[in-house]
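Engineer: Here it is, the structure in full.
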Amino acid sequence: MKKTLLIALTLGVSVGATSAMASNVDPETDRQQMIDYFKAKSPNIKIEDYANGAYIYSADKYAQWEAAEEFPPYLDAVDAGEAAWNKDKAVFEKCFGSDVSKIRPKYPYFDEATQQVVTLEGAINKCRTDAGLKPYKWKKGTLADVSGYLAYNARGQKIDVKIDSEGAKKAFNAGREIYITPRGQLNLSCAKCHTYNAGRLARSNILSPNVGHTTHFPVFRAKWQNLGTLHRRYDGCMKNMRATPFKTQGEEFRNLEFFEAYMSNGLEINGPGYRE
Amino acid sequence: MKRRSFLKGTLATGAAAVAVNAGLLTPSTVLAEWNKNAFSAKKADDALNSVFGSASATASGDIKLKAPAIAENGAVTPVTVDATGMSGVESIAIMASKNPMPLVCTYDFSSSALGYVSTRIKMGETMNVIAVVKAGGKLFKAEQEVKVTIGGCGG
Amino acid sequence: MSIKIRMRGKSKGGVAEVKALIKHPMESGVRMNKKTGKPYPAKFIDTVKVLVNGTEAVNSQWSGAVSANPYMAVQVKANAGDEVKIVLTDNTGEAGEDTLKLK
């Protein structure tokens, strides 16, 4: 499609970047290398500011974003999330405890028993189905609102994903593999845009750096005029890059989220965030 | 779009009734009709004539117009018009030069308000945002180009 | 059935910047529904008034070109303890109001 070819051209993308071996790196070393890479790329930007995403690269866009966050449009969604939480409070508190500020920072985590990555949205719906309640739809609506309510209450706390086992390390590497593998019609990998070309323009969008990617989710996109979950964004991006998206809350996206969240360790949770 | 006519004694029902019954709006203010001519004018000058009775405004550096150089999303372009440095500000009108109907909104100020407004407007393409200020019976304006583009990444 | 308004404002030196965030689709009546070929019917806030202690300070008229879920900030002469009230209506007759006691 012409539109997507133009994006590829403006990025100066060469389609030869592939990874020959399956990932098997030490997560902390990898994260440090990523931080060092971004520090070298933009010596004047503090690492904690990466929680603000693409806006760190443009004063004009940063000002527009600040204007929006001044009295943000996602407040209604946060209220709706609170109402939904309170509606099934007994069920939710049994799964998550009664302190709503302590829930978001625990996710995503690697569950040793099931050997799977557990995400916040996944846990919310599992809690519901285990109690006989109908699960929420995955990408937007009440699930996003509840996630937004929990994120809002957890603001300021740092992302702290733990990798203490071989299983967790494998999940990290599986997510990393997805991140660096080119796919789709344009043969683009996440890394091509969000690591190697972060800060550059794809048409008029500034490519966000992958460090800080998960801090502000769920996200209120001006384009959607409502909250959307991380997997909704992954899904949309893959479609835009003319790749068949992975299943929302499926193993691939959960591993990708695990990798991305670990890469943002140490950054403050600032969700829900306003984006274009 | 049929506009309910307040003149026909419909004050007893609907939104106006809420406000009237609360004692906030006297019938005279309720009868101040929404300026349909101004808002449906396809040319900026016609809109200004409908609002102010004149379209000749002098460019003024005293109007602080703040708008982005490149709108991140044209549907939510933040615009601030700060004419607090001018005396006798009566009204501010905001226009988007290439919108099908350029007039976006008008603000009238009594002596208990300052000449200032900040809001978010819809701009369909690259165009100028124009702020017209009526102060001391005269019209002044400031304008600035805002680039509106299509993004590359969606979802 | 009333339009929801959120208000914020603080008085400093006799002036208060009053900010409002309003929940409303602001449908201009020009946007086309691609499935039906007809435009979505116009539903937008058309009148917004700001009052300080019951006296009108700002009287504004809006079109559908004001953004959805509109944000508005004005500056009024007011002190801590004064009441600022916003009253608004849309073109279909729906109304909303909210009051803020300034700090």
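Simple scheme: letters A, B, ... for chains in structure tokens order, numbers from 1 for residues in each chain, numbers from 1 for ligands in the order shown.
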Up to 6 Å from chain C, what residues of chain B turn up? Count only C-alpha atoms and give them as a list in words.
Structural biologist: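 Every residue of chain B that passes the 6 Å test is in Gly14, Ala15, Val76, Val104, Cys105, Thr106, Tyr107, Asp108, Phe109, Ser110, Ser112, Ala113, Leu114, Tyr116, Val117, Ser118, Thr119, Arg120, Ile121 and Lys122 of chain B.
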Engineer: With C-alpha atoms retained, export the selected residues as a PDB file, in the first residue's frame.
Structural biologist:
```pdb
ATOM      1  CA  GLY B  14     -36.198  21.646  28.219  1.00  0.00           C
ATOM      2  CA  ALA B  15     -32.785  23.041  28.892  1.00  0.00           C
ATOM      3  CA  VAL B  76      -7.878  18.409  19.219  1.00  0.00           C
ATOM      4  CA  VAL B 104     -15.427  28.140  15.717  1.00  0.00           C
ATOM      5  CA  CYS B 105     -16.560  30.005  18.831  1.00  0.00           C
ATOM      6  CA  THR B 106     -17.186  33.457  20.265  1.00  0.00           C
ATOM      7  CA  TYR B 107     -16.724  34.670  23.828  1.00  0.00           C
ATOM      8  CA  ASP B 108     -18.304  37.824  25.262  1.00  0.00           C
ATOM      9  CA  PHE B 109     -16.864  39.189  28.485  1.00  0.00           C
ATOM     10  CA  SER B 110     -18.481  41.358  31.130  1.00  0.00           C
ATOM     11  CA  SER B 112     -15.881  40.665  35.754  1.00  0.00           C
ATOM     12  CA  ALA B 113     -13.967  38.570  33.223  1.00  0.00           C
ATOM     13  CA  LEU B 114     -10.585  39.020  31.575  1.00  0.00           C
ATOM     14  CA  TYR B 116      -8.653  35.292  27.845  1.00  0.00           C
ATOM     15  CA  VAL B 117      -9.792  31.959  26.533  1.00  0.00           C
ATOM     16  CA  SER B 118      -8.114  28.603  26.067  1.00  0.00           C
ATOM     17  CA  THR B 119      -9.780  25.698  24.303  1.00  0.00           C
ATOM     18  CA  ARG B 120      -9.287  22.854  21.803  1.00  0.00           C
ATOM     19  CA  ILE B 121     -10.635  23.054  18.252  1.00  0.00           C
ATOM     20  CA  LYS B 122     -10.996  20.895  15.152  1.00  0.00           C
TER      21      LYS B 122
END
```
Engineer: Kindly provide, as an MDAnalysis selection string, the residues of chain B having any atom no farther than 12 Å from an atom of chain A, counting only C-alpha atoms.
Structural biologist: chainID B and resid 66:80 118:120 122 146:155
Engineer: Sort by chain and increasing residue number a table of all residues of chain A within 9 Å of chain C, each with its closest pair of atoms and their distance in Å to one decimal, counting only C-alpha atoms, and write it as a Markdown table.
Structural biologist:
```
| residue | atom | partner | partner_atom | distance |
| --- | --- | --- | --- | --- |
| A:Ala68 | CA | C:Tyr71 | CA | 8.8 |
| A:Phe71 | CA | C:Leu21 | CA | 6.8 |
| A:Pro72 | CA | C:Leu21 | CA | 8.1 |
| A:Pro73 | CA | C:Asn69 | CA | 7.0 |
| A:Asp76 | CA | C:Lys23 | CA | 8.1 |
| A:Gln225 | CA | C:Ala68 | CA | 8.4 |
```
Engineer: Pick out each residue of chain C that DSSP on the backbone tags as strand (DSSP E or B); I need them as a ChimeraX atom specification.
Structural biologist: /C:5-12,15-22,27,32,39,43,45-52,55-62,66,71-77,83-90,95-101
Engineer: How would the residues just picked look written out with C-alpha atoms as an mmCIF file, in the first residue's frame?
Structural biologist:
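Dumped to selection.cif:
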```cif
data_model
loop_
_atom_site.group_PDB
_atom_site.id
_atom_site.type_symbol
_atom_site.label_atom_id
_atom_site.label_comp_id
_atom_site.auth_asym_id
_atom_site.auth_seq_id
_atom_site.Cartn_x
_atom_site.Cartn_y
_atom_site.Cartn_z
ATOM 1 C CA ILE C 5 -18.862 19.095 33.611
ATOM 2 C CA ARG C 6 -15.658 18.974 35.626
ATOM 3 C CA MET C 7 -14.296 22.239 37.003
ATOM 4 C CA ARG C 8 -11.029 23.361 38.485
ATOM 5 C CA GLY C 9 -9.996 26.803 39.604
ATOM 6 C CA LYS C 10 -7.951 28.723 42.101
ATOM 7 C CA SER C 11 -7.973 32.391 42.913
ATOM 8 C CA LYS C 12 -4.717 34.338 42.989
ATOM 9 C CA VAL C 15 -8.176 36.594 39.442
ATOM 10 C CA ALA C 16 -9.149 32.978 39.016
ATOM 11 C CA GLU C 17 -8.408 30.830 35.982
ATOM 12 C CA VAL C 18 -11.386 28.519 35.753
ATOM 13 C CA LYS C 19 -10.898 25.329 33.754
ATOM 14 C CA ALA C 20 -13.646 23.018 32.609
ATOM 15 C CA LEU C 21 -13.673 19.627 30.946
ATOM 16 C CA ILE C 22 -17.036 18.663 29.504
ATOM 17 C CA GLU C 27 -20.880 16.091 16.529
ATOM 18 C CA MET C 32 -20.339 11.490 7.103
ATOM 19 C CA PRO C 39 -24.081 12.702 7.967
ATOM 20 C CA LYS C 43 -25.211 17.331 18.457
ATOM 21 C CA ILE C 45 -22.828 22.393 22.823
ATOM 22 C CA ASP C 46 -23.880 25.799 21.522
ATOM 23 C CA THR C 47 -24.069 28.063 24.567
ATOM 24 C CA VAL C 48 -21.804 28.247 27.595
ATOM 25 C CA LYS C 49 -22.080 30.846 30.328
ATOM 26 C CA VAL C 50 -19.817 31.437 33.306
ATOM 27 C CA LEU C 51 -21.200 33.246 36.338
ATOM 28 C CA VAL C 52 -19.431 34.566 39.416
ATOM 29 C CA THR C 55 -23.550 37.450 37.911
ATOM 30 C CA GLU C 56 -22.734 36.615 34.319
ATOM 31 C CA ALA C 57 -19.024 37.023 33.541
ATOM 32 C CA VAL C 58 -18.632 35.117 30.271
ATOM 33 C CA ASN C 59 -21.208 34.363 27.580
ATOM 34 C CA SER C 60 -19.968 32.156 24.771
ATOM 35 C CA GLN C 61 -21.373 30.529 21.664
ATOM 36 C CA TRP C 62 -19.833 27.403 20.200
ATOM 37 C CA VAL C 66 -14.978 22.834 19.064
ATOM 38 C CA TYR C 71 -11.853 21.813 27.310
ATOM 39 C CA MET C 72 -12.309 25.478 28.157
ATOM 40 C CA ALA C 73 -10.366 27.871 30.371
ATOM 41 C CA VAL C 74 -11.392 31.467 31.155
ATOM 42 C CA GLN C 75 -10.160 34.050 33.635
ATOM 43 C CA VAL C 76 -12.580 35.835 35.944
ATOM 44 C CA LYS C 77 -12.257 38.394 38.707
ATOM 45 C CA GLU C 83 -18.780 30.658 43.600
ATOM 46 C CA VAL C 84 -18.184 30.140 39.902
ATOM 47 C CA LYS C 85 -21.003 28.489 37.994
ATOM 48 C CA ILE C 86 -20.995 27.105 34.453
ATOM 49 C CA VAL C 87 -24.316 26.678 32.665
ATOM 50 C CA LEU C 88 -24.476 25.199 29.193
ATOM 51 C CA THR C 89 -26.895 23.837 26.612
ATOM 52 C CA ASP C 90 -26.531 21.912 23.371
ATOM 53 C CA ALA C 95 -28.220 21.046 29.428
ATOM 54 C CA GLY C 96 -25.579 20.886 32.115
ATOM 55 C CA GLU C 97 -24.370 22.972 35.007
ATOM 56 C CA ASP C 98 -21.745 22.810 37.707
ATOM 57 C CA THR C 99 -20.577 25.068 40.512
ATOM 58 C CA LEU C 100 -17.133 25.485 42.009
ATOM 59 C CA LYS C 101 -16.317 27.263 45.241
#
```
Engineer: Excluding same-chain residues fewer than 2 positions from segment 37-44 of chain B, what lies within 10 Å of it counting only C-alpha atoms, as a compact mmCIF listing (two decimals) with C-alpha atoms, in the first residue's frame?
Structural biologist:
```txt
# COMPACT_ATOMS: atom_id res chain seq x y z
CA TRP B 34 -27.31 31.30 18.79
CA ASN B 35 -25.76 33.23 15.89
CA ASP B 46 -18.91 37.05 6.40
CA ALA B 47 -18.67 35.38 9.81
CA LEU B 48 -16.98 38.45 11.31
CA ASN B 49 -19.62 40.72 9.81
CA SER B 50 -22.33 38.60 11.42
CA VAL B 51 -20.64 38.67 14.78
CA PHE B 52 -19.22 42.18 14.98
CA ALA B 55 -14.72 42.49 9.05
CA MET B 95 -11.71 31.11 13.51
CA ALA B 96 -10.09 28.32 11.51
CA SER B 97 -9.39 29.75 8.06
CA LYS B 98 -9.98 26.65 5.92
CA ASN B 99 -12.71 24.92 7.90
CA PRO B 100 -15.95 24.67 5.84
CA MET B 101 -17.43 27.16 8.29
CA PRO B 102 -14.51 29.21 9.64
CA LEU B 103 -16.09 30.54 12.84
CA VAL B 104 -15.43 28.14 15.72
CA CYS B 105 -16.56 30.01 18.83
CA THR B 106 -17.19 33.46 20.26
CA ILE B 130 -7.30 33.46 13.62
CA GLN C 61 -21.37 30.53 21.66
CA TRP C 62 -19.83 27.40 20.20
CA SER C 63 -20.07 25.46 16.95
CA GLY C 64 -19.44 21.80 16.24
CA ALA C 65 -15.85 22.75 15.38
```
Engineer: Please measure the separation of atom CA of Pro272 of chain A and atom CA of Arg128 of chain A, giving the value in Å to one decimal.
Structural biologist: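 Between atom CA of Pro272 of chain A and atom CA of Arg128 of chain A the gap is 22.2 Å.
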Engineer: Please, what distance in Å, to one decimal, runs between atom CA of Gln157 of chain A and atom CA of Pro43 of chain A?
Structural biologist: 25.0 Å
Engineer: May I ask for the distance between atom CA of Ala93 of chain B and atom CA of His24 of chain C, given in Å to one decimal place?
Structural biologist: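 These atoms are spaced 21.5 Å apart.
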